[in-house]
$ cat start-v4.cif   # mmCIF, C-alpha atoms
data_data
#
loop_
_atom_site.label_atom_id
_atom_site.label_comp_id
_atom_site.auth_asym_id
_atom_site.auth_seq_id
_atom_site.Cartn_x
_atom_site.Cartn_y
_atom_site.Cartn_z
CA MET A 14 11.44 -5.13 -31.39
CA ARG A 15 9.28 -3.14 -29.00
CA PHE A 16 6.85 -4.91 -26.71
CA LEU A 17 3.20 -4.26 -27.70
CA GLU A 18 4.35 -1.77 -30.33
CA ASN A 19 1.13 -1.82 -32.36
CA SER A 20 -1.44 -2.58 -29.67
CA ASN A 21 -5.00 -1.43 -30.32
CA PHE A 22 -7.00 -2.37 -27.23
CA ASP A 23 -10.29 -0.58 -26.64
CA PHE A 24 -9.53 0.70 -23.13
CA ILE A 25 -11.79 3.73 -23.39
CA GLY A 26 -14.67 1.59 -24.59
CA LYS A 27 -14.37 -0.52 -21.43
CA ARG A 28 -14.21 2.44 -19.05
CA LYS A 29 -17.74 1.98 -17.67
CA THR A 30 -16.93 -1.61 -16.74
CA ALA A 31 -13.74 -0.35 -15.12
CA TYR A 32 -15.74 2.22 -13.15
CA ILE A 33 -17.96 -0.57 -11.79
CA ILE A 34 -14.90 -2.61 -10.76
CA SER A 35 -13.29 0.41 -9.09
CA VAL A 36 -16.46 1.42 -7.23
CA THR A 37 -16.91 -2.16 -6.03
CA LEU A 38 -13.33 -2.33 -4.73
CA LEU A 39 -13.70 1.04 -3.02
CA VAL A 40 -17.05 0.19 -1.38
CA VAL A 41 -15.78 -3.17 -0.08
CA GLY A 42 -12.56 -1.57 1.17
CA LEU A 43 -14.28 1.37 2.85
CA ALA A 44 -16.83 -0.97 4.49
CA SER A 45 -13.98 -3.05 5.88
CA MET A 46 -12.15 0.05 7.13
CA ILE A 47 -15.30 1.14 8.98
CA VAL A 48 -16.29 -2.28 10.37
CA ARG A 49 -12.98 -4.15 10.78
CA GLN A 50 -10.72 -1.08 10.87
CA PHE A 51 -6.97 -1.83 10.72
CA ASN A 52 -4.51 -4.14 12.38
CA LEU A 53 -2.41 -1.27 13.73
CA GLY A 54 1.22 -1.80 14.55
CA VAL A 55 2.83 -0.60 17.76
CA ASP A 56 3.80 2.62 15.96
CA PHE A 57 0.16 3.74 15.78
CA LYS A 58 -1.55 2.12 18.77
CA GLY A 59 1.18 2.19 21.39
CA GLY A 60 2.48 -0.74 23.39
CA THR A 61 5.40 -3.13 23.17
CA GLU A 62 6.54 -5.73 20.66
CA ILE A 63 9.11 -8.37 21.55
CA VAL A 64 10.54 -10.77 18.96
CA VAL A 65 12.03 -13.96 20.39
CA GLY A 66 14.14 -16.45 18.46
CA PHE A 67 14.52 -20.09 19.50
CA GLN A 68 17.23 -22.55 18.57
CA SER A 69 14.64 -25.04 17.25
CA PRO A 70 11.05 -24.73 16.01
CA VAL A 71 8.68 -23.99 18.87
CA ASP A 72 4.98 -24.68 19.50
CA VAL A 73 3.28 -21.27 19.63
CA ALA A 74 0.38 -22.66 21.69
CA LYS A 75 2.82 -23.84 24.38
CA VAL A 76 4.51 -20.44 24.40
CA ARG A 77 1.11 -18.75 24.89
CA SER A 78 0.31 -21.06 27.79
CA ALA A 79 3.69 -20.48 29.43
CA VAL A 80 3.52 -16.70 29.07
CA ALA A 81 -0.07 -16.57 30.36
CA SER A 82 1.08 -18.35 33.54
CA GLN A 83 3.27 -15.30 34.29
CA ASN A 84 0.30 -12.92 33.84
CA ILE A 85 1.91 -11.40 30.74
CA SER A 86 -1.03 -10.39 28.55
CA GLY A 87 -0.79 -9.93 24.82
CA GLN A 88 -0.94 -11.61 21.43
CA ILE A 89 1.67 -14.21 20.51
CA LYS A 90 2.16 -15.37 16.91
CA GLU A 91 4.74 -17.09 14.77
CA TYR A 92 7.01 -14.50 13.24
CA GLY A 93 8.60 -15.29 9.90
CA SER A 94 9.68 -18.85 10.76
CA PRO A 95 8.74 -21.68 13.20
CA ARG A 96 11.77 -20.67 15.28
CA GLU A 97 10.59 -17.12 15.98
CA ILE A 98 7.59 -15.69 17.82
CA ILE A 99 6.39 -12.14 18.39
CA LEU A 100 4.66 -10.91 21.53
CA THR A 101 2.49 -7.80 21.12
CA THR A 102 1.22 -6.28 24.34
CA ASP A 103 -0.23 -3.02 25.66
CA PHE A 104 2.37 -3.06 28.43
CA SER A 105 3.95 0.36 28.94
CA GLY A 106 5.86 -0.10 32.19
CA ASP A 107 9.45 -1.09 32.88
CA LEU A 108 10.75 -2.86 29.75
CA ASN A 109 13.59 -4.47 31.66
CA GLU A 110 11.08 -6.04 34.03
CA LEU A 111 8.95 -7.32 31.13
CA GLN A 112 11.99 -8.73 29.33
CA ALA A 113 13.23 -10.42 32.51
CA SER A 114 9.82 -11.99 33.21
CA LEU A 115 9.51 -13.26 29.65
CA SER A 116 13.04 -14.70 29.61
CA ARG A 117 12.50 -16.33 32.98
CA VAL A 118 9.35 -18.19 31.92
CA LEU A 119 10.76 -19.23 28.55
CA THR A 120 13.94 -20.54 30.16
CA ARG A 121 11.87 -22.46 32.74
CA ASP A 122 9.44 -24.08 30.28
CA PHE A 123 11.72 -24.55 27.26
CA THR A 124 14.95 -25.78 28.85
CA ASP A 125 15.84 -27.90 25.81
CA ASN A 126 15.24 -25.04 23.35
CA PRO A 127 17.35 -21.95 24.20
CA HIS A 128 15.93 -18.59 23.20
CA GLU A 129 17.21 -15.08 22.48
CA ILE A 130 15.42 -11.71 22.56
CA LEU A 131 15.92 -10.42 19.02
CA ARG A 132 14.08 -7.10 19.15
CA ILE A 133 12.06 -4.91 21.49
CA ASP A 134 9.96 -1.98 20.23
CA ALA A 135 7.99 0.22 22.62
CA VAL A 136 5.85 3.26 21.83
CA GLY A 137 3.80 5.32 24.28
CA PRO A 138 0.15 6.24 23.51
CA SER A 139 0.87 9.96 23.03
CA ILE A 140 3.74 9.24 20.64
CA ALA A 141 1.51 6.82 18.72
CA ASP A 142 -1.13 9.56 18.30
CA ASP A 143 1.54 11.98 17.07
CA LEU A 144 2.80 9.41 14.57
CA LYS A 145 -0.73 8.79 13.22
CA TRP A 146 -1.31 12.53 12.74
CA SER A 147 2.09 12.96 11.08
CA ALA A 148 1.33 10.05 8.73
CA LEU A 149 -1.96 11.64 7.64
CA GLN A 150 -0.23 14.98 7.12
CA ALA A 151 2.40 13.31 4.94
CA VAL A 152 -0.16 11.57 2.71
CA PHE A 153 -2.46 14.58 2.25
CA GLY A 154 0.51 16.93 1.85
CA ALA A 155 1.82 14.76 -1.00
CA LEU A 156 -1.60 14.75 -2.66
CA ALA A 157 -1.87 18.56 -2.40
CA MET A 158 1.57 19.07 -3.98
CA ILE A 159 0.72 16.67 -6.81
CA LEU A 160 -2.55 18.52 -7.46
CA ILE A 161 -0.63 21.80 -7.78
CA TYR A 162 2.13 20.30 -9.96
CA VAL A 163 -0.20 18.57 -12.45
CA GLY A 164 -2.53 21.57 -12.47
CA ILE A 165 0.37 23.84 -13.50
CA ARG A 166 1.72 21.40 -16.08
CA PHE A 167 -1.59 20.52 -17.72
CA GLU A 168 -4.92 21.92 -16.57
CA PHE A 169 -7.27 21.45 -13.63
CA LYS A 170 -9.24 18.55 -15.14
CA PHE A 171 -6.06 16.50 -15.50
CA ALA A 172 -4.84 17.40 -12.02
CA ALA A 173 -8.15 16.57 -10.33
CA ALA A 174 -8.49 13.27 -12.21
CA GLY A 175 -4.89 12.36 -11.38
CA VAL A 176 -5.46 12.97 -7.67
CA MET A 177 -8.74 11.00 -7.87
CA ALA A 178 -6.77 8.09 -9.36
CA ILE A 179 -4.23 8.33 -6.54
CA PHE A 180 -7.00 8.35 -3.92
CA HIS A 181 -8.42 5.31 -5.71
CA ASP A 182 -5.08 3.48 -5.51
CA VAL A 183 -4.38 4.30 -1.87
CA LEU A 184 -7.92 3.49 -0.73
CA VAL A 185 -7.97 0.14 -2.57
CA VAL A 186 -4.66 -0.88 -1.01
CA ALA A 187 -5.75 0.41 2.41
CA GLY A 188 -8.99 -1.57 2.08
CA LEU A 189 -6.99 -4.70 1.34
CA PHE A 190 -4.84 -4.10 4.44
CA SER A 191 -8.05 -3.81 6.46
CA LEU A 192 -9.58 -6.97 4.95
CA LEU A 193 -6.45 -9.08 5.38
CA GLY A 194 -5.07 -7.52 8.57
CA GLY A 195 -3.97 -10.31 10.88
CA ALA A 196 -5.09 -13.02 8.44
CA PHE A 197 -1.64 -14.49 7.87
CA SER A 198 0.82 -15.45 10.61
CA PHE A 199 3.80 -15.00 8.27
CA MET A 200 2.53 -11.61 7.06
CA PRO A 201 0.45 -9.73 9.64
CA LEU A 202 -0.31 -6.79 7.30
CA GLU A 203 -0.05 -4.29 10.10
CA VAL A 204 -0.42 -0.60 9.38
CA ASP A 205 2.69 1.10 10.73
CA GLN A 206 5.25 3.64 9.57
CA SER A 207 6.59 1.32 6.87
CA THR A 208 3.04 0.97 5.50
CA ILE A 209 2.72 4.75 5.29
CA ALA A 210 6.01 4.76 3.38
CA ALA A 211 4.45 2.21 1.02
CA PHE A 212 1.40 4.45 0.51
CA LEU A 213 3.62 7.44 -0.29
CA THR A 214 5.58 5.30 -2.75
CA ILE A 215 2.30 4.26 -4.38
CA VAL A 216 1.35 7.96 -4.67
CA GLY A 217 4.60 8.74 -6.47
CA TYR A 218 4.46 5.69 -8.72
CA SER A 219 0.83 6.24 -9.68
CA ILE A 220 1.21 9.89 -10.66
CA THR A 221 4.40 9.19 -12.62
CA ASP A 222 2.61 6.58 -14.69
CA THR A 223 -0.41 8.86 -15.11
CA VAL A 224 1.67 11.85 -16.25
CA VAL A 225 3.26 9.73 -19.01
CA VAL A 226 -0.22 8.96 -20.36
CA TYR A 227 -1.27 12.60 -19.96
CA ASP A 228 1.78 13.79 -21.90
CA ARG A 229 0.93 11.56 -24.84
CA ILE A 230 -2.72 12.67 -24.76
CA ARG A 231 -1.63 16.32 -24.83
CA GLU A 232 0.71 15.72 -27.78
CA ASN A 233 -1.97 13.89 -29.77
CA ILE A 234 -4.66 16.50 -29.08
CA LYS A 235 -2.40 19.19 -30.54
CA VAL A 236 -1.67 17.36 -33.82
CA ARG A 237 -4.87 15.36 -34.36
CA ARG A 238 -7.51 18.07 -34.30
CA ASN A 239 -9.94 16.17 -36.55
CA ASP A 240 -10.09 13.00 -34.44
CA SER A 241 -12.59 12.45 -31.66
CA TYR A 242 -11.41 12.72 -28.07
CA GLU A 243 -12.35 9.06 -27.50
CA LYS A 244 -10.00 7.92 -30.27
CA ILE A 245 -7.20 10.25 -29.19
CA PHE A 246 -7.36 9.07 -25.58
CA ASN A 247 -7.55 5.40 -26.53
CA ASP A 248 -4.65 5.65 -29.00
CA SER A 249 -2.57 7.56 -26.44
CA ILE A 250 -3.05 4.83 -23.83
CA ASN A 251 -2.09 2.16 -26.38
CA GLU A 252 1.00 4.12 -27.45
CA THR A 253 2.25 4.26 -23.84
CA LEU A 254 1.14 0.71 -22.97
CA SER A 255 4.54 -0.83 -23.69
CA ARG A 256 6.29 1.58 -21.34
CA THR A 257 3.58 1.17 -18.67
CA ILE A 258 3.69 -2.64 -18.58
CA ILE A 259 7.48 -2.97 -18.80
CA THR A 260 7.95 -0.45 -15.97
CA ALA A 261 5.32 -2.20 -13.84
CA LEU A 262 6.76 -5.68 -14.42
CA THR A 263 10.38 -4.74 -13.72
CA THR A 264 9.40 -2.89 -10.54
CA LEU A 265 7.10 -5.72 -9.49
CA LEU A 266 9.88 -8.31 -9.92
CA THR A 267 12.07 -6.31 -7.54
CA VAL A 268 9.25 -6.07 -5.00
CA VAL A 269 8.57 -9.83 -5.21
CA VAL A 270 12.21 -10.56 -4.44
CA LEU A 271 12.02 -8.11 -1.54
CA PHE A 272 8.84 -9.77 -0.27
CA ILE A 273 10.32 -13.29 -0.37
CA PHE A 274 13.84 -12.68 0.91
CA ALA A 275 13.81 -9.48 2.99
CA GLY A 276 12.21 -11.02 6.09
CA PRO A 277 8.94 -10.54 7.99
CA THR A 278 9.64 -6.96 9.10
CA ILE A 279 9.49 -5.71 5.51
CA ARG A 280 6.76 -7.98 4.11
CA SER A 281 3.85 -5.62 4.78
CA PHE A 282 5.77 -2.82 3.04
CA ALA A 283 6.63 -5.03 0.04
CA PHE A 284 3.09 -6.36 -0.17
CA GLY A 285 1.66 -2.82 -0.17
CA ILE A 286 4.07 -1.69 -2.88
CA GLY A 287 3.35 -4.76 -5.01
CA ILE A 288 -0.43 -4.35 -4.87
CA GLY A 289 0.00 -0.59 -5.36
CA ILE A 290 1.96 -1.16 -8.58
CA VAL A 291 -0.80 -3.37 -9.97
CA ILE A 292 -3.59 -0.99 -8.95
CA GLY A 293 -1.59 2.08 -10.04
CA THR A 294 -1.01 0.59 -13.49
CA TYR A 295 -4.73 -0.22 -13.75
CA SER A 296 -5.78 3.28 -12.67
CA SER A 297 -3.43 5.08 -15.07
CA ILE A 298 -5.10 3.16 -17.92
CA PHE A 299 -8.71 2.92 -16.82
CA VAL A 300 -9.30 5.68 -14.24
CA ALA A 301 -7.18 8.81 -14.69
CA ALA A 302 -7.55 9.23 -18.46
CA SER A 303 -11.17 8.02 -18.47
CA VAL A 304 -12.26 10.54 -15.84
CA VAL A 305 -10.65 13.40 -17.80
CA LEU A 306 -12.38 12.24 -20.98
CA ASP A 307 -15.84 11.96 -19.43
CA TRP A 308 -15.41 15.31 -17.68
CA GLN A 309 -14.39 16.93 -20.96
CA LEU A 310 -17.28 15.38 -22.91
CA ARG A 311 -19.79 16.60 -20.32
CA SER A 312 -18.32 20.12 -20.30
CA ASN A 313 -18.50 20.28 -24.13
CA ALA A 314 -15.45 22.56 -24.24
CA LYS A 315 -11.99 22.55 -25.80
CA PHE A 316 -8.85 21.62 -23.90
CA LYS A 317 -6.55 24.48 -22.97
CA LEU A 318 -3.29 22.58 -22.63
CA ARG A 319 0.03 24.14 -21.62
CA GLY A 320 3.44 23.30 -22.94
#
$ encode --input "start-v4.cif" --output "structure tokens"
Amino acid sequence: MRFLENSNFDFIGKRKTAYIISVTLLVVGLASMIVRQFNLGVDFKGGTEIVVGFQSPVDVAKVRSAVASQNISGQIKEYGSPREIILTTDFSGDLNELQASLSRVLTRDFTDNPHEILRIDAVGPSIADDLKWSALQAVFGALAMILIYVGIRFEFKFAAAGVMAIFHDVLVVAGLFSLLGGAFSFMPLEVDQSTIAAFLTIVGYSITDTVVVYDRIRENIKVRRNDSYEKIFNDSINETLSRTIITALTTLLTVVVLFIFAGPTIRSFAFGIGIGIVIGTYSSIFVAASVVLDWQLRSNAKFKLRG
């Protein structure tokens, strides 16, 4: 038996409410991005990150005090577990000297709790600027290619609405990263290269889901010439609802497992993908198809669909 085989939800009838929800999310997110900006990782702001593991749980406040006594400036937080801490600093000098100073003070003040340097990442300011520019090029390049692909396969209204839905998804997730950046010690929600990979994954997932809905709309428009566009669009969304929800849930389960068990270095990526799946599923139902419908109703013209 198929899941939600005969669903008949009035998605199109609720599209104005969905528009209000989407606009609210976008305004709050954009306001946060302007005021709070982002908790940038070393990849995009430059500097050095050092992850230190201890044999037993360690008091982060005591580590901060000990490190400050050596004039090592930076932010120190718990990293993944009570036995690990991460030092983030703008230091861009001799890494061996920084590592030696840090090890010396930790050995001196935590003699009964041996430590080990687990990871050191260092990025210079010019490289960080290059990485930020490359990340923007990747995101906008993906959006441009999707606009061309959907425009060729359907028509411009569908392509433009699909890209609008993708912008919606990426901006909502980015706004959440801005709002929650640095809010959780176990999940810093930094924006780094892995976050950009999450955004690109969201772009691909969102348009795939949207194209499935578009395909069904196109098929129904061709064979149901006497029905209103509102009914055709609503029925098409309901007919693809089973596939949409099952795909979202199975993908989301995988991401949840990744988030829980893959460790702190991948949590921001998994969190971004998870929220992107939820928002992408919402937008394929309430944003992409609804924008095409309203655009078509205002233009008072017939669809010229390919294929």
$ atom_distance --input "start-v4.cif" --atom1 "atom CA of A:Leu38" --atom2 "atom CA of A:Ala261"
20.8 Å
$ resolve_selection --input "start-v4.cif" --expression "the PyMOL selection byres ((chain A and resi 222) around 8)" --output "PDB file with C-alpha atoms, in the frame of the given file"
ATOM      1  CA  TYR A 218       4.460   5.690  -8.720  1.00  0.00           C
ATOM      2  CA  SER A 219       0.830   6.240  -9.680  1.00  0.00           C
ATOM      3  CA  ILE A 220       1.210   9.890 -10.660  1.00  0.00           C
ATOM      4  CA  THR A 221       4.400   9.190 -12.620  1.00  0.00           C
ATOM      5  CA  THR A 223      -0.410   8.860 -15.110  1.00  0.00           C
ATOM      6  CA  VAL A 224       1.670  11.850 -16.250  1.00  0.00           C
ATOM      7  CA  VAL A 225       3.260   9.730 -19.010  1.00  0.00           C
ATOM      8  CA  VAL A 226      -0.220   8.960 -20.360  1.00  0.00           C
ATOM      9  CA  THR A 257       3.580   1.170 -18.670  1.00  0.00           C
ATOM     10  CA  GLY A 293      -1.590   2.080 -10.040  1.00  0.00           C
ATOM     11  CA  THR A 294      -1.010   0.590 -13.490  1.00  0.00           C
ATOM     12  CA  SER A 297      -3.430   5.080 -15.070  1.00  0.00           C
TER      13      SER A 297
END
$ resolve_selection --input "start-v4.cif" --expression "the PyMOL selection byres ((chain A and resi 144-159) around 9)" --output "compact mmCIF listing (two decimals) with C-alpha atoms, keeping the file's coordinate frame"
# COMPACT_ATOMS: atom_id res chain seq x y z
CA ASP A 56 3.80 2.62 15.96
CA PHE A 57 0.16 3.74 15.78
CA LYS A 58 -1.55 2.12 18.77
CA SER A 139 0.87 9.96 23.03
CA ILE A 140 3.74 9.24 20.64
CA ALA A 141 1.51 6.82 18.72
CA ASP A 142 -1.13 9.56 18.30
CA ASP A 143 1.54 11.98 17.07
CA LEU A 160 -2.55 18.52 -7.46
CA ILE A 161 -0.63 21.80 -7.78
CA TYR A 162 2.13 20.30 -9.96
CA VAL A 163 -0.20 18.57 -12.45
CA GLY A 164 -2.53 21.57 -12.47
CA ALA A 172 -4.84 17.40 -12.02
CA GLY A 175 -4.89 12.36 -11.38
CA VAL A 176 -5.46 12.97 -7.67
CA ILE A 179 -4.23 8.33 -6.54
CA PHE A 180 -7.00 8.35 -3.92
CA ASP A 205 2.69 1.10 10.73
CA GLN A 206 5.25 3.64 9.57
CA ILE A 209 2.72 4.75 5.29
CA ALA A 210 6.01 4.76 3.38
CA PHE A 212 1.40 4.45 0.51
CA LEU A 213 3.62 7.44 -0.29
CA VAL A 216 1.35 7.96 -4.67
CA GLY A 217 4.60 8.74 -6.47
CA ILE A 220 1.21 9.89 -10.66
$ residues_around --input "start-v4.cif" --residues "stretch 97-102 of chain A" --least-positions-apart "2" --cutoff "7 Å" --atoms "only C-alpha atoms" --output "list in words"
Gly60, Thr61, Glu62, Ile63, Val64, Val65, Gly66, Phe67, Ser86, Gly87, Gln88, Ile89, Lys90, Glu91, Tyr92, Gly93, Ser94, Pro95 and Phe104 of chain A
$ atom_distance --input "start-v4.cif" --atom1 "atom CA of A:Thr260" --atom2 "atom CA of A:Ser191"
27.8 Å
$ atom_distance --input "start-v4.cif" --atom1 "atom CA of A:Val204" --atom2 "atom CA of A:Ile33"
27.5 Å
$ residues_around --input "start-v4.cif" --residues "A:Ala178" --least-positions-apart "5" --cutoff "7 Å" --atoms "all atoms listed in the file" --output "PyMOL selection string"
chain A and resi 296+300-301
$ write_last_selection --input "start-v4.cif" --atoms "C-alpha atoms" --output "short mmCIF file (atom, residue, chain, number, x, y, z; two decimals), in the frame of the given file"
data_model
loop_
_atom_site.label_atom_id
_atom_site.label_comp_id
_atom_site.auth_asym_id
_atom_site.auth_seq_id
_atom_site.Cartn_x
_atom_site.Cartn_y
_atom_site.Cartn_z
CA SER A 296 -5.78 3.28 -12.67
CA VAL A 300 -9.30 5.68 -14.24
CA ALA A 301 -7.18 8.81 -14.69
#
$ resolve_selection --input "start-v4.cif" --expression "the PyMOL selection byres ((chain A and resi 111) around 12)" --output "PyMOL selection string"
chain A and resi 61-63+80+83-87+100-110+112-118+130+133+135
$ residues_around --input "start-v4.cif" --residues "A:Val41" --least-positions-apart "2" --cutoff "12 Å" --atoms "all atoms listed in the file" --output "PyMOL selection string"
chain A and resi 34-39+43-49+184-192
$ closest_residue --input "start-v4.cif" --among "A:Arg256, A:Arg166, A:Lys244, A:Lys27" --to "A:Asp228" --atoms "all atoms listed in the file"
A:Arg166
$ closest_residue --input "start-v4.cif" --among "A:Ile298, A:Gly42, A:Ser82, A:Arg311" --to "A:Ser255" --atoms "only C-alpha atoms"
A:Ile298
$ residues_near_point --input "start-v4.cif" --point "(-4.8, 9.6, -26.2)" --cutoff "12 Å" --atoms "only C-alpha atoms" --output "mmCIF file with C-alpha atoms, keeping the file's coordinate frame"
data_model
loop_
_atom_site.group_PDB
_atom_site.id
_atom_site.type_symbol
_atom_site.label_atom_id
_atom_site.label_comp_id
_atom_site.auth_asym_id
_atom_site.auth_seq_id
_atom_site.Cartn_x
_atom_site.Cartn_y
_atom_site.Cartn_z
ATOM 1 C CA ASN A 21 -5.000 -1.430 -30.320
ATOM 2 C CA ASP A 23 -10.290 -0.580 -26.640
ATOM 3 C CA PHE A 24 -9.530 0.700 -23.130
ATOM 4 C CA ILE A 25 -11.790 3.730 -23.390
ATOM 5 C CA THR A 223 -0.410 8.860 -15.110
ATOM 6 C CA VAL A 225 3.260 9.730 -19.010
ATOM 7 C CA VAL A 226 -0.220 8.960 -20.360
ATOM 8 C CA TYR A 227 -1.270 12.600 -19.960
ATOM 9 C CA ASP A 228 1.780 13.790 -21.900
ATOM 10 C CA ARG A 229 0.930 11.560 -24.840
ATOM 11 C CA ILE A 230 -2.720 12.670 -24.760
ATOM 12 C CA ARG A 231 -1.630 16.320 -24.830
ATOM 13 C CA GLU A 232 0.710 15.720 -27.780
ATOM 14 C CA ASN A 233 -1.970 13.890 -29.770
ATOM 15 C CA ILE A 234 -4.660 16.500 -29.080
ATOM 16 C CA LYS A 235 -2.400 19.190 -30.540
ATOM 17 C CA VAL A 236 -1.670 17.360 -33.820
ATOM 18 C CA ARG A 237 -4.870 15.360 -34.360
ATOM 19 C CA ASP A 240 -10.090 13.000 -34.440
ATOM 20 C CA SER A 241 -12.590 12.450 -31.660
ATOM 21 C CA TYR A 242 -11.410 12.720 -28.070
ATOM 22 C CA GLU A 243 -12.350 9.060 -27.500
ATOM 23 C CA LYS A 244 -10.000 7.920 -30.270
ATOM 24 C CA ILE A 245 -7.200 10.250 -29.190
ATOM 25 C CA PHE A 246 -7.360 9.070 -25.580
ATOM 26 C CA ASN A 247 -7.550 5.400 -26.530
ATOM 27 C CA ASP A 248 -4.650 5.650 -29.000
ATOM 28 C CA SER A 249 -2.570 7.560 -26.440
ATOM 29 C CA ILE A 250 -3.050 4.830 -23.830
ATOM 30 C CA ASN A 251 -2.090 2.160 -26.380
ATOM 31 C CA GLU A 252 1.000 4.120 -27.450
ATOM 32 C CA THR A 253 2.250 4.260 -23.840
ATOM 33 C CA LEU A 254 1.140 0.710 -22.970
ATOM 34 C CA ILE A 298 -5.100 3.160 -17.920
ATOM 35 C CA ALA A 301 -7.180 8.810 -14.690
ATOM 36 C CA ALA A 302 -7.550 9.230 -18.460
ATOM 37 C CA SER A 303 -11.170 8.020 -18.470
ATOM 38 C CA VAL A 305 -10.650 13.400 -17.800
ATOM 39 C CA LEU A 306 -12.380 12.240 -20.980
#
$ closest_residue --input "start-v4.cif" --among "A:Phe123, A:Met177, A:Thr208, A:Ala74" --to "A:Arg280" --atoms "only C-alpha atoms"
A:Thr208
$ closest_residue --input "start-v4.cif" --among "A:Ala173, A:Ser69, A:Ala79, A:Val304" --to "A:Glu129" --atoms "only C-alpha atoms"
A:Ser69
$ residues_near_point --input "start-v4.cif" --point "(-4.5, -1.3, 10.6)" --cutoff "7 Å" --atoms "all atoms listed in the file" --output "count of residues only"
10
$ decode --input "start-v4.cif" --residues "stretch 92-104 of chain A" --atoms "N, CA and C atoms" --output "CSV table (one decimal), in the first residue's frame"
chain,number,residue,atom,x,y,z
A,92,TYR,N,34.8,21.1,23.0
A,92,TYR,CA,34.7,20.7,21.6
A,92,TYR,C,34.2,19.2,21.6
A,93,GLY,N,32.9,19.0,21.5
A,93,GLY,CA,32.4,17.7,21.3
A,93,GLY,C,32.2,16.9,22.5
A,94,SER,N,33.2,17.0,23.5
A,94,SER,CA,33.1,16.2,24.7
A,94,SER,C,33.8,17.0,25.8
A,95,PRO,N,33.5,16.7,27.1
A,95,PRO,CA,34.2,17.4,28.2
A,95,PRO,C,35.7,17.1,28.2
A,96,ARG,N,36.2,16.2,27.4
A,96,ARG,CA,37.6,15.9,27.4
A,96,ARG,C,38.4,16.6,26.3
A,97,GLU,N,37.7,17.4,25.5
A,97,GLU,CA,38.3,18.1,24.4
A,97,GLU,C,38.0,19.6,24.4
A,98,ILE,N,38.9,20.4,24.1
A,98,ILE,CA,38.7,21.8,23.9
A,98,ILE,C,39.3,22.3,22.6
A,99,ILE,N,38.7,23.4,22.1
A,99,ILE,CA,39.2,24.0,20.9
A,99,ILE,C,39.6,25.5,21.1
A,100,LEU,N,40.8,25.8,20.7
A,100,LEU,CA,41.3,27.2,20.8
A,100,LEU,C,41.3,27.8,19.4
A,101,THR,N,40.5,28.9,19.3
A,101,THR,CA,40.5,29.7,18.0
A,101,THR,C,41.1,31.0,18.2
A,102,THR,N,42.1,31.3,17.4
A,102,THR,CA,42.9,32.5,17.6
A,102,THR,C,43.3,33.2,16.3
A,103,ASP,N,43.5,34.5,16.3
A,103,ASP,CA,43.9,35.2,15.1
A,103,ASP,C,45.4,35.0,14.8
A,104,PHE,N,46.1,34.3,15.6
A,104,PHE,CA,47.5,34.1,15.5
A,104,PHE,C,47.9,33.6,14.1
